[in-house]
$ cat structure-v8.txt   # compact mmCIF, C-alpha atoms and all ligand atoms
# COMPACT_ATOMS: atom_id res chain seq x y z
CA MET A 1 -25.79 81.30 -15.85
CA ASP A 2 -29.34 80.71 -14.66
CA LEU A 3 -30.64 77.42 -13.40
CA LEU A 4 -34.35 77.14 -13.93
CA SER A 5 -36.26 74.72 -11.80
CA GLU A 6 -39.18 72.77 -13.10
CA ASP A 7 -41.45 74.67 -10.69
CA LYS A 8 -40.64 78.04 -12.13
CA LEU A 9 -41.23 76.96 -15.73
CA SER A 10 -44.30 74.87 -15.12
CA MET A 11 -46.10 77.93 -13.78
CA MET A 12 -45.85 79.55 -17.20
CA ALA A 13 -48.11 78.94 -20.17
CA PRO A 14 -46.23 77.45 -23.14
CA VAL A 15 -46.18 80.77 -25.06
CA GLU A 16 -44.88 82.60 -22.02
CA LYS A 17 -42.22 80.00 -21.50
CA ILE A 18 -40.90 80.31 -25.08
CA ARG A 19 -41.01 84.12 -24.96
CA PHE A 20 -39.19 84.11 -21.63
CA ILE A 21 -36.44 81.84 -22.94
CA ILE A 22 -35.92 83.90 -26.11
CA ASP A 23 -35.81 87.17 -24.17
CA GLU A 24 -33.29 85.84 -21.68
CA VAL A 25 -31.06 84.34 -24.37
CA LYS A 26 -31.15 87.54 -26.42
CA ARG A 27 -29.91 89.35 -23.33
CA GLY A 28 -26.95 86.99 -23.35
CA LYS A 29 -28.08 84.61 -20.62
CA ILE A 30 -27.37 80.92 -20.61
CA LEU A 31 -30.19 78.86 -19.19
CA VAL A 32 -30.16 75.40 -17.74
CA LEU A 33 -33.62 73.87 -17.65
CA GLU A 34 -34.06 71.17 -15.08
CA LYS A 35 -36.67 69.25 -17.05
CA GLY A 36 -36.20 70.56 -20.56
CA LEU A 37 -38.98 71.28 -23.04
CA THR A 38 -41.56 69.07 -24.68
CA PRO A 39 -40.96 68.26 -28.38
CA GLN A 40 -43.73 70.71 -29.32
CA GLU A 41 -42.13 73.45 -27.22
CA GLN A 42 -38.74 72.72 -28.81
CA ALA A 43 -40.32 73.16 -32.24
CA ASP A 44 -42.00 76.39 -31.13
CA LEU A 45 -38.72 77.67 -29.74
CA ILE A 46 -36.94 76.98 -33.04
CA GLU A 47 -39.67 78.88 -34.92
CA MET A 48 -39.56 81.81 -32.52
CA THR A 49 -35.76 81.88 -32.75
CA MET A 50 -35.91 82.11 -36.54
CA THR A 51 -38.37 85.00 -36.29
CA ASN A 52 -35.97 86.83 -33.97
CA ILE A 53 -32.77 86.38 -35.97
CA ASP A 54 -31.31 89.72 -36.89
CA PRO A 55 -28.10 90.03 -38.92
CA GLU A 56 -26.84 92.82 -36.68
CA ASP A 57 -27.21 91.29 -33.25
CA PHE A 58 -28.84 87.87 -32.94
CA SER A 59 -27.76 84.82 -34.91
CA GLY A 60 -29.82 82.28 -33.00
CA ILE A 61 -29.47 79.85 -30.16
CA GLU A 62 -27.46 76.85 -29.20
CA MET A 63 -29.65 74.30 -27.52
CA GLU A 64 -28.68 70.89 -26.30
CA SER A 65 -30.92 68.34 -24.75
CA TYR A 66 -31.01 64.60 -24.53
CA PRO A 67 -33.07 62.28 -26.64
CA THR A 68 -36.31 61.74 -24.81
CA LYS A 69 -36.42 58.57 -22.83
CA SER A 70 -39.51 56.51 -23.21
CA ASP A 71 -41.12 55.71 -19.92
CA ASN A 72 -41.44 51.96 -19.88
CA SER A 73 -42.83 51.62 -16.40
CA ILE A 74 -46.31 50.18 -16.13
CA LEU A 75 -47.69 53.44 -14.75
CA GLY A 76 -46.04 55.41 -17.53
CA LYS A 77 -47.55 53.15 -20.15
CA LEU A 78 -50.93 53.20 -18.48
CA PHE A 79 -51.10 56.96 -18.55
CA LYS A 80 -49.40 57.22 -21.92
CA LYS A 81 -46.76 59.46 -20.47
CA GLY A 82 -44.32 57.90 -22.86
CA ILE A 83 -42.29 61.01 -23.55
CA ARG A 84 -40.02 62.43 -20.91
CA THR A 85 -37.88 65.43 -21.58
CA ARG A 86 -34.55 65.84 -19.89
CA LEU A 87 -32.03 68.44 -18.80
CA THR A 88 -31.50 71.12 -21.44
CA VAL A 89 -28.93 73.89 -21.89
CA ILE A 90 -29.91 76.92 -23.99
CA GLY A 91 -27.81 79.97 -24.81
CA PRO A 92 -26.95 82.48 -27.51
CA ALA A 93 -25.23 80.84 -30.48
CA ASN A 94 -22.28 83.23 -30.28
CA LYS A 95 -21.57 82.41 -26.65
CA LEU A 96 -22.34 78.77 -26.11
CA LYS A 97 -20.48 76.03 -27.91
CA THR A 98 -21.12 72.42 -27.30
CA LEU A 99 -17.86 70.58 -27.12
CA ARG A 100 -19.01 67.07 -26.74
CA LYS A 101 -22.12 65.23 -26.10
CA ASP A 102 -22.96 61.62 -25.76
CA ARG A 103 -25.91 59.75 -24.38
CA ASP A 104 -25.42 60.96 -20.84
CA LEU A 105 -23.04 63.89 -20.84
CA ILE A 106 -23.13 67.41 -22.23
CA THR A 107 -19.89 69.36 -22.21
CA ALA A 108 -20.49 72.99 -22.97
CA LEU A 109 -18.02 75.80 -23.44
CA VAL A 110 -19.07 79.30 -22.55
CA SER A 111 -17.10 82.05 -24.21
CA ASN A 112 -17.03 85.64 -23.16
CA LYS A 113 -16.99 87.65 -26.30
CA MET B 114 -66.78 57.79 -28.05
CA GLY B 115 -64.19 55.14 -28.84
CA ILE B 116 -66.52 53.38 -31.23
CA MET B 117 -67.45 56.57 -33.03
CA LYS B 118 -63.81 57.47 -33.35
CA SER B 119 -62.78 54.14 -34.80
CA LEU B 120 -65.84 54.13 -37.05
CA ARG B 121 -64.87 57.50 -38.38
CA ARG B 122 -61.32 56.36 -38.91
CA ASN B 123 -62.47 53.24 -40.75
CA LEU B 124 -64.79 55.28 -42.88
CA SER B 125 -62.13 57.79 -43.82
CA GLY B 126 -59.72 54.96 -44.55
CA PHE B 127 -62.38 53.38 -46.74
CA LEU B 128 -63.06 56.63 -48.57
CA LYS B 129 -59.37 57.18 -49.08
CA LYS B 130 -59.07 53.78 -50.70
CA LEU B 131 -62.20 54.31 -52.74
CA PHE B 132 -61.10 57.58 -54.26
CA ASN B 133 -57.42 56.88 -53.86
CA LYS B 134 -56.82 60.59 -53.59
CA GLU B 135 -54.71 61.01 -50.54
CA ASN B 136 -51.35 59.36 -50.34
CA ALA B 137 -49.33 59.09 -47.18
CA ARG B 138 -47.32 62.29 -46.90
CA ILE B 139 -43.71 61.73 -46.00
CA GLY B 140 -41.39 64.58 -45.04
CA ILE B 141 -37.66 64.41 -45.59
CA TYR B 142 -36.08 66.20 -42.63
CA GLY B 143 -32.66 66.87 -41.23
CA PRO B 144 -29.99 69.49 -40.64
CA PRO B 145 -28.67 71.58 -43.56
CA ASN B 146 -26.34 69.70 -45.92
CA ALA B 147 -27.33 66.23 -44.71
CA GLY B 148 -28.28 65.25 -48.26
CA LYS B 149 -32.09 65.55 -48.12
CA THR B 150 -32.49 66.93 -51.63
CA THR B 151 -29.89 64.53 -53.02
CA LEU B 152 -31.99 61.71 -51.57
CA ALA B 153 -35.29 63.22 -52.80
CA ASN B 154 -33.79 63.55 -56.28
CA ARG B 155 -32.69 59.94 -56.23
CA ILE B 156 -36.09 58.66 -55.09
CA LEU B 157 -37.83 60.72 -57.76
CA ARG B 158 -35.40 59.75 -60.46
CA ASP B 159 -35.77 56.06 -59.58
CA TRP B 160 -39.59 56.10 -59.56
CA THR B 161 -40.79 59.05 -61.62
CA GLY B 162 -37.92 60.05 -63.86
CA ASP B 163 -37.65 63.70 -62.76
CA ALA B 164 -35.97 65.61 -59.94
CA MET B 165 -36.92 67.53 -56.81
CA GLY B 166 -34.54 70.46 -56.49
CA SER B 167 -31.05 71.85 -56.52
CA VAL B 168 -28.22 70.52 -54.39
CA SER B 169 -25.26 72.46 -53.02
CA ASN B 170 -22.40 72.11 -50.58
CA ILE B 171 -23.41 75.50 -49.16
CA ALA B 172 -25.93 75.08 -46.34
CA HIS B 173 -29.57 76.12 -46.69
CA GLU B 174 -29.74 75.45 -50.41
CA THR B 175 -33.38 74.41 -50.01
CA ARG B 176 -35.27 77.35 -48.53
CA ARG B 177 -38.80 76.39 -49.51
CA ALA B 178 -40.44 73.04 -48.97
CA ARG B 179 -41.19 71.15 -52.17
CA ARG B 180 -43.83 68.48 -52.55
CA ARG B 181 -44.05 65.81 -55.20
CA GLU B 182 -47.33 63.92 -55.26
CA GLY B 183 -48.02 60.32 -56.08
CA VAL B 184 -44.56 58.78 -56.12
CA ASN B 185 -45.08 55.07 -56.68
CA ILE B 186 -42.52 52.95 -54.92
CA ARG B 187 -42.43 49.19 -55.42
CA ALA B 188 -40.65 47.02 -52.89
CA ASN B 189 -41.24 43.71 -51.10
CA GLY B 190 -43.79 42.83 -53.77
CA ASN B 191 -45.95 45.82 -52.78
CA SER B 192 -46.66 49.10 -54.47
CA LEU B 193 -46.91 52.22 -52.34
CA SER B 194 -47.97 55.70 -53.42
CA LEU B 195 -46.43 58.55 -51.42
CA ASP B 196 -46.37 62.31 -51.44
CA ILE B 197 -42.79 63.31 -50.75
CA VAL B 198 -41.92 66.63 -49.16
CA ASP B 199 -38.32 67.84 -49.31
CA THR B 200 -37.92 70.34 -46.48
CA PRO B 201 -35.37 73.11 -45.82
CA GLY B 202 -32.63 72.07 -43.39
CA LEU B 203 -33.54 72.69 -39.77
CA ALA B 204 -31.28 74.82 -37.60
CA THR B 205 -31.34 76.73 -34.32
CA LYS B 206 -28.94 79.39 -35.61
CA ILE B 207 -28.21 81.06 -38.93
CA ASP B 208 -25.32 83.46 -39.30
CA PHE B 209 -24.92 85.27 -42.61
CA HIS B 210 -21.15 85.48 -42.03
CA ASP B 211 -20.97 81.74 -42.71
CA PHE B 212 -22.22 82.33 -46.26
CA MET B 213 -19.78 85.18 -46.81
CA GLY B 214 -17.01 82.77 -45.90
CA GLN B 215 -18.16 80.75 -48.91
CA GLY B 216 -17.74 83.52 -51.39
CA MET B 217 -21.03 85.40 -51.30
CA THR B 218 -21.32 89.14 -51.09
CA GLU B 219 -22.73 90.58 -47.89
CA ALA B 220 -26.04 91.36 -49.57
CA GLU B 221 -26.33 87.85 -51.01
CA ALA B 222 -25.38 86.29 -47.70
CA LYS B 223 -27.92 88.33 -45.78
CA ARG B 224 -30.64 87.46 -48.24
CA ARG B 225 -29.83 83.76 -48.08
CA ALA B 226 -29.87 83.95 -44.27
CA LYS B 227 -33.25 85.67 -44.25
CA GLU B 228 -34.72 83.13 -46.66
CA ALA B 229 -33.17 80.33 -44.64
CA THR B 230 -34.94 81.48 -41.45
CA GLU B 231 -38.24 81.44 -43.35
CA GLY B 232 -37.41 77.98 -44.67
CA VAL B 233 -36.82 76.65 -41.17
CA ILE B 234 -40.19 78.01 -40.03
CA GLU B 235 -41.87 76.37 -43.01
CA ALA B 236 -40.20 73.03 -42.26
CA VAL B 237 -41.34 73.19 -38.63
CA LYS B 238 -44.91 73.97 -39.71
CA TRP B 239 -44.93 70.99 -42.08
CA LEU B 240 -44.48 68.69 -39.08
CA ASP B 241 -48.20 69.15 -38.41
CA ASN B 242 -49.19 67.89 -41.85
CA LEU B 243 -47.31 64.66 -42.28
CA ASP B 244 -47.93 60.95 -41.93
CA GLY B 245 -44.30 60.02 -41.47
CA VAL B 246 -40.74 61.30 -41.59
CA ILE B 247 -37.46 60.24 -43.12
CA LEU B 248 -34.80 61.88 -40.96
CA VAL B 249 -31.54 62.25 -42.88
CA MET B 250 -28.28 62.57 -40.98
CA ASP B 251 -24.78 63.06 -42.32
CA ALA B 252 -22.98 60.01 -40.92
CA THR B 253 -19.70 61.94 -40.74
CA GLU B 254 -21.23 64.38 -38.23
CA ASP B 255 -22.18 64.24 -34.56
CA PRO B 256 -25.77 62.93 -34.37
CA TYR B 257 -26.49 64.30 -30.87
CA THR B 258 -27.97 67.56 -32.04
CA GLN B 259 -31.02 69.52 -31.04
CA VAL B 260 -32.43 69.31 -34.55
CA ASN B 261 -32.37 65.51 -34.50
CA VAL B 262 -33.75 65.36 -30.97
CA THR B 263 -36.59 67.75 -31.85
CA VAL B 264 -37.65 65.93 -35.02
CA ILE B 265 -37.57 62.54 -33.31
CA GLY B 266 -39.44 63.86 -30.26
CA ASN B 267 -42.17 65.38 -32.40
CA MET B 268 -42.71 62.16 -34.31
CA GLU B 269 -42.81 60.16 -31.07
CA ALA B 270 -45.28 62.60 -29.53
CA ARG B 271 -47.55 62.25 -32.56
CA ASP B 272 -47.08 58.50 -32.73
CA LEU B 273 -46.00 58.72 -36.37
CA PRO B 274 -43.53 56.43 -38.14
CA LEU B 275 -39.95 57.59 -38.44
CA LEU B 276 -37.10 56.18 -40.47
CA ILE B 277 -33.56 57.37 -39.83
CA VAL B 278 -31.20 57.52 -42.80
CA ALA B 279 -27.47 57.53 -42.10
CA ASN B 280 -26.24 59.19 -45.28
CA LYS B 281 -22.83 59.66 -46.92
CA ILE B 282 -21.53 56.20 -46.06
CA ASP B 283 -19.35 56.42 -49.18
CA LEU B 284 -17.08 58.70 -47.14
CA PRO B 285 -14.40 56.80 -45.21
CA GLU B 286 -14.89 58.88 -42.06
CA SER B 287 -18.61 58.08 -41.86
CA SER B 288 -19.81 56.26 -38.78
CA PRO B 289 -23.41 55.05 -39.05
CA SER B 290 -22.94 53.02 -35.86
CA THR B 291 -22.69 56.29 -33.89
CA ILE B 292 -26.17 57.19 -35.15
CA ARG B 293 -27.47 53.75 -34.28
CA GLU B 294 -26.13 54.08 -30.73
CA ALA B 295 -27.60 57.55 -30.34
CA PHE B 296 -31.15 56.58 -31.33
CA PRO B 297 -31.44 52.82 -30.80
CA GLN B 298 -35.23 52.86 -30.53
CA HIS B 299 -35.77 53.76 -34.21
CA PRO B 300 -35.10 51.86 -37.43
CA MET B 301 -32.13 53.09 -39.44
CA VAL B 302 -30.80 52.50 -42.95
CA SER B 303 -27.24 53.40 -43.99
CA ILE B 304 -26.97 54.74 -47.53
CA SER B 305 -25.10 56.92 -49.92
CA ALA B 306 -27.72 59.11 -51.57
CA LEU B 307 -25.00 60.37 -53.90
CA GLU B 308 -23.85 56.98 -55.17
CA GLY B 309 -27.04 55.01 -54.57
CA LYS B 310 -25.39 52.57 -52.25
CA ASN B 311 -27.91 50.45 -50.30
CA ILE B 312 -30.84 52.32 -51.81
CA ASP B 313 -32.91 49.15 -52.32
CA THR B 314 -32.75 48.46 -48.59
CA LEU B 315 -34.08 51.98 -48.07
CA TYR B 316 -37.05 51.30 -50.37
CA GLU B 317 -37.79 48.09 -48.51
CA GLN B 318 -37.78 49.98 -45.22
CA ILE B 319 -39.94 52.76 -46.66
CA SER B 320 -42.47 50.20 -47.80
CA LYS B 321 -42.38 48.49 -44.41
CA ARG B 322 -42.62 51.66 -42.31
CA PHE B 323 -44.98 53.80 -44.36
CA GLY B 324 -46.96 51.16 -46.25
N1 LIG C 401 -20.15 62.09 -50.26
C1 LIG C 401 -21.46 62.29 -50.28
N2 LIG C 401 -21.95 63.54 -50.42
C2 LIG C 401 -23.30 63.71 -50.42
C3 LIG C 401 -24.19 62.62 -50.26
N3 LIG C 401 -25.45 63.10 -50.28
C4 LIG C 401 -25.34 64.44 -50.45
N4 LIG C 401 -24.04 64.81 -50.55
C5 LIG C 401 -23.50 66.17 -50.74
O1 LIG C 401 -23.85 66.97 -49.61
C6 LIG C 401 -24.10 68.31 -50.01
C7 LIG C 401 -25.49 68.72 -49.56
O2 LIG C 401 -26.46 67.98 -50.25
P1 LIG C 401 -27.98 68.46 -50.35
O3 LIG C 401 -28.75 67.33 -50.96
O4 LIG C 401 -28.07 69.80 -50.98
O5 LIG C 401 -28.32 68.57 -48.80
P2 LIG C 401 -29.67 69.08 -48.12
O6 LIG C 401 -29.84 68.25 -46.90
O7 LIG C 401 -30.79 69.09 -49.10
O8 LIG C 401 -29.27 70.56 -47.69
P3 LIG C 401 -30.20 71.87 -47.45
O9 LIG C 401 -31.19 71.94 -48.57
O10 LIG C 401 -29.22 73.00 -47.48
O11 LIG C 401 -30.82 71.69 -46.11
C8 LIG C 401 -23.93 68.34 -51.53
O12 LIG C 401 -22.64 68.80 -51.79
C9 LIG C 401 -24.12 66.89 -51.91
O13 LIG C 401 -23.47 66.55 -53.10
C10 LIG C 401 -23.64 61.30 -50.10
O14 LIG C 401 -24.33 60.29 -49.97
N5 LIG C 401 -22.26 61.21 -50.12
MG MG C 402 -32.00 70.58 -49.77

$ encode --input "structure-v8.txt" --output "structure tokens" --more "lines below"
Ligand SMILES: Nc1nc2c(ncn2[C@@H]2O[C@H](COP(=O)(O)OP(=O)(O)OP(=O)(O)O)[C@@H](O)[C@H]2O)c(=O)[nH]1
Ligand SMILES: [Mg+2]
Amino acid sequence: MDLLSEDKLSMMAPVEKIRFIIDEVKRGKILVLEKGLTPQEQADLIEMTMTNIDPEDFSGIEMESYPTKSDNSILGKLFKKGIRTRLTVIGPANKLKTLRKDRDLITALVSNK
Amino acid sequence: MGIMKSLRRNLSGFLKKLFNKENARIGIYGPPNAGKTTLANRILRDWTGDAMGSVSNIAHETRRARRREGVNIRANGNSLSLDIVDTPGLATKIDFHDFMGQGMTEAEAKRRAKEATEGVIEAVKWLDNLDGVILVMDATEDPYTQVNVTVIGNMEARDLPLLIVANKIDLPESSPSTIREAFPQHPMVSISALEGKNIDTLYEQISKRFG
């Protein structure tokens, strides 16, 4: 399992980031992203996943993140940084199963098949 | 800058009204099987007399987005003309084995899976061309899913109106309150698209949110 810090991901351009995630997940890796992805990046990742689905060896991804929290601080409002992404777990659909999730807890099960 | 922008917006709003050509475009989104097409059919039947598309208990029944233009909805004493887009169910994974488990041959299942991936891409692309979204969730299922989070996040990022529909409340195991707790910052209506339960409240909310 790879823990990806915000620093590592923020150095990449959005396309690179999505490509990197797909490549890692297709190799069977499970990624934990410290800061998650923006809503646009999540949408791009879903699209790219669909393009990569292959009946023989890739059925897609399991991805769990939290609802974005709106930043209600004065500074946040001032700079319109309303949308904050949060911790995200991404892995191959055949390996990662989310057991339970509620507003503040993700329980994931990793199987070794 | 700001003045030009608002001028332009006012002008385009004025032209829109003048020619009355463009209606607000509302996408119906959600995971497979949530009841999007059942809801679209009901809305169309109530206001136009025809239907949107086929419904099935097998996931990914809708694999191409369908648009119906100029649906006139009357509620709260107002009349509202909308273009309604029924989108393919969004998913992060599609496994053809699931369809084989429901009685399809391998070839059929693989074809449905392939079409389903294309449908998901189409649904994602439509997000760029909408004025608002009705997000349909099956109230018997866990609402904390990536699909829901992604649709909501994209609407928030674009500052577009969103209405959450907790569907299938005719089923005893449904729990719309779980959906409410998961996404408290957005308006929600509980309905049964199948039986029409609470559908007038939905039209009132549609008129309020997208009018
Ligand atoms: N009990 C109950 N079943 C419903 C309701 N709405 C839809 N269904 C059923 O749920 C199944 C899926 O309905 P669809 O309308 O095809 O769902 P969809 O969201 O369009 O699905 P995709 O097109 O595959 O993404 C069908 O068997 C419907 O009859 C409801 O309000 N109550
Ligand atoms: Mg459908």

$ closest_atom_pairs --input "structure-v8.txt" --of "chain B" --to "ligand MG 402 (chain C)" --cutoff "9 Å" --atoms "only C-alpha atoms and all ligand atoms" --output "tab-separated table"
residue	atom	partner	partner_atom	distance
B:Pro145	CA	C:MG402	MG	7.1
B:Asn146	CA	C:MG402	MG	6.9
B:Ala147	CA	C:MG402	MG	8.1
B:Gly148	CA	C:MG402	MG	6.7
B:Lys149	CA	C:MG402	MG	5.3
B:Thr150	CA	C:MG402	MG	4.1
B:Thr151	CA	C:MG402	MG	7.2
B:Ala153	CA	C:MG402	MG	8.6
B:Gly166	CA	C:MG402	MG	7.2
B:Ser167	CA	C:MG402	MG	6.9
B:Val168	CA	C:MG402	MG	6.0
B:Ser169	CA	C:MG402	MG	7.7
B:Ala172	CA	C:MG402	MG	8.3
B:His173	CA	C:MG402	MG	6.8
B:Glu174	CA	C:MG402	MG	5.4
B:Thr175	CA	C:MG402	MG	4.1
B:Arg176	CA	C:MG402	MG	7.6
B:Arg177	CA	C:MG402	MG	8.9
B:Ala178	CA	C:MG402	MG	8.8
B:Asp199	CA	C:MG402	MG	6.9
B:Thr200	CA	C:MG402	MG	6.8
B:Pro201	CA	C:MG402	MG	5.8
B:Gly202	CA	C:MG402	MG	6.6

$ atom_distance --input "structure-v8.txt" --atom1 "CA of Asn311 (chain B)" --atom2 "CA of Leu152 (chain B)"
12.0 Å

$ closest_residue --input "structure-v8.txt" --among "B:Val233, B:Leu275, B:Ile312, B:Ile156" --to "chain A" --atoms "only C-alpha atoms"
B:Val233

$ interface_residues --input "structure-v8.txt" --of "chain B" --to "chain A" --cutoff "8 Å" --atoms "only C-alpha atoms" --output "PyMOL selection string"
chain B and resi 204-209+223+230-231+233-234+237+257-259+262-264+266-267+269-270+295-296

$ write_last_selection --input "structure-v8.txt" --atoms "C-alpha atoms" --output "mmCIF file, keeping the file's coordinate frame"
data_model
loop_
_atom_site.group_PDB
_atom_site.id
_atom_site.type_symbol
_atom_site.label_atom_id
_atom_site.label_comp_id
_atom_site.auth_asym_id
_atom_site.auth_seq_id
_atom_site.Cartn_x
_atom_site.Cartn_y
_atom_site.Cartn_z
ATOM 1 C CA ALA B 204 -31.280 74.820 -37.600
ATOM 2 C CA THR B 205 -31.340 76.730 -34.320
ATOM 3 C CA LYS B 206 -28.940 79.390 -35.610
ATOM 4 C CA ILE B 207 -28.210 81.060 -38.930
ATOM 5 C CA ASP B 208 -25.320 83.460 -39.300
ATOM 6 C CA PHE B 209 -24.920 85.270 -42.610
ATOM 7 C CA LYS B 223 -27.920 88.330 -45.780
ATOM 8 C CA THR B 230 -34.940 81.480 -41.450
ATOM 9 C CA GLU B 231 -38.240 81.440 -43.350
ATOM 10 C CA VAL B 233 -36.820 76.650 -41.170
ATOM 11 C CA ILE B 234 -40.190 78.010 -40.030
ATOM 12 C CA VAL B 237 -41.340 73.190 -38.630
ATOM 13 C CA TYR B 257 -26.490 64.300 -30.870
ATOM 14 C CA THR B 258 -27.970 67.560 -32.040
ATOM 15 C CA GLN B 259 -31.020 69.520 -31.040
ATOM 16 C CA VAL B 262 -33.750 65.360 -30.970
ATOM 17 C CA THR B 263 -36.590 67.750 -31.850
ATOM 18 C CA VAL B 264 -37.650 65.930 -35.020
ATOM 19 C CA GLY B 266 -39.440 63.860 -30.260
ATOM 20 C CA ASN B 267 -42.170 65.380 -32.400
ATOM 21 C CA GLU B 269 -42.810 60.160 -31.070
ATOM 22 C CA ALA B 270 -45.280 62.600 -29.530
ATOM 23 C CA ALA B 295 -27.600 57.550 -30.340
ATOM 24 C CA PHE B 296 -31.150 56.580 -31.330
#

$ atom_distance --input "structure-v8.txt" --atom1 "CA of Ala236 (chain B)" --atom2 "atom C6 of ligand LIG 401 (chain C)"
18.5 Å

$ axis_aligned_box --input "structure-v8.txt" --around "ligand LIG 401 (chain C)" --padding-each-side "5 Å" --output "AutoDock Vina command-line options"
--center_x -25.7 --center_y 66.6 --center_z -49.6 --size_x 21.0 --size_y 22.7 --size_z 17.0

$ atom_distance --input "structure-v8.txt" --atom1 "atom O8 of ligand LIG 401 (chain C)" --atom2 "CA of Pro256 (chain B)"
15.7 Å

$ closest_residue --input "structure-v8.txt" --among "B:Pro297, B:Gly309, B:Pro285, B:Pro274" --to "Gly140 (chain B)" --atoms "all atoms listed in the file"
B:Pro274

$ residues_near_point --input "structure-v8.txt" --point "(-27.2, 80.4, -21.3)" --cutoff "6 Å" --atoms "all atoms listed in the file" --output "JSON, numbers by chain"
{"A": [1, 29, 30, 31, 90, 91]}

$ residues_around --input "structure-v8.txt" --residues "region 179-191 of chain B" --least-positions-apart "5" --cutoff "9 Å" --atoms "all atoms listed in the file" --output "mmCIF file with C-alpha atoms, in the coordinates of the input"
data_model
loop_
_atom_site.group_PDB
_atom_site.id
_atom_site.type_symbol
_atom_site.label_atom_id
_atom_site.label_comp_id
_atom_site.auth_asym_id
_atom_site.auth_seq_id
_atom_site.Cartn_x
_atom_site.Cartn_y
_atom_site.Cartn_z
ATOM 1 C CA GLU B 135 -54.710 61.010 -50.540
ATOM 2 C CA ASN B 136 -51.350 59.360 -50.340
ATOM 3 C CA ARG B 138 -47.320 62.290 -46.900
ATOM 4 C CA GLY B 140 -41.390 64.580 -45.040
ATOM 5 C CA ILE B 156 -36.090 58.660 -55.090
ATOM 6 C CA LEU B 157 -37.830 60.720 -57.760
ATOM 7 C CA ASP B 159 -35.770 56.060 -59.580
ATOM 8 C CA TRP B 160 -39.590 56.100 -59.560
ATOM 9 C CA THR B 161 -40.790 59.050 -61.620
ATOM 10 C CA MET B 165 -36.920 67.530 -56.810
ATOM 11 C CA GLY B 166 -34.540 70.460 -56.490
ATOM 12 C CA ASP B 196 -46.370 62.310 -51.440
ATOM 13 C CA ILE B 197 -42.790 63.310 -50.750
ATOM 14 C CA VAL B 198 -41.920 66.630 -49.160
ATOM 15 C CA ASP B 199 -38.320 67.840 -49.310
ATOM 16 C CA THR B 200 -37.920 70.340 -46.480
ATOM 17 C CA PRO B 201 -35.370 73.110 -45.820
ATOM 18 C CA ASP B 313 -32.910 49.150 -52.320
ATOM 19 C CA TYR B 316 -37.050 51.300 -50.370
ATOM 20 C CA GLU B 317 -37.790 48.090 -48.510
ATOM 21 C CA GLN B 318 -37.780 49.980 -45.220
ATOM 22 C CA ILE B 319 -39.940 52.760 -46.660
ATOM 23 C CA SER B 320 -42.470 50.200 -47.800
ATOM 24 C CA LYS B 321 -42.380 48.490 -44.410
ATOM 25 C CA GLY B 324 -46.960 51.160 -46.250
#
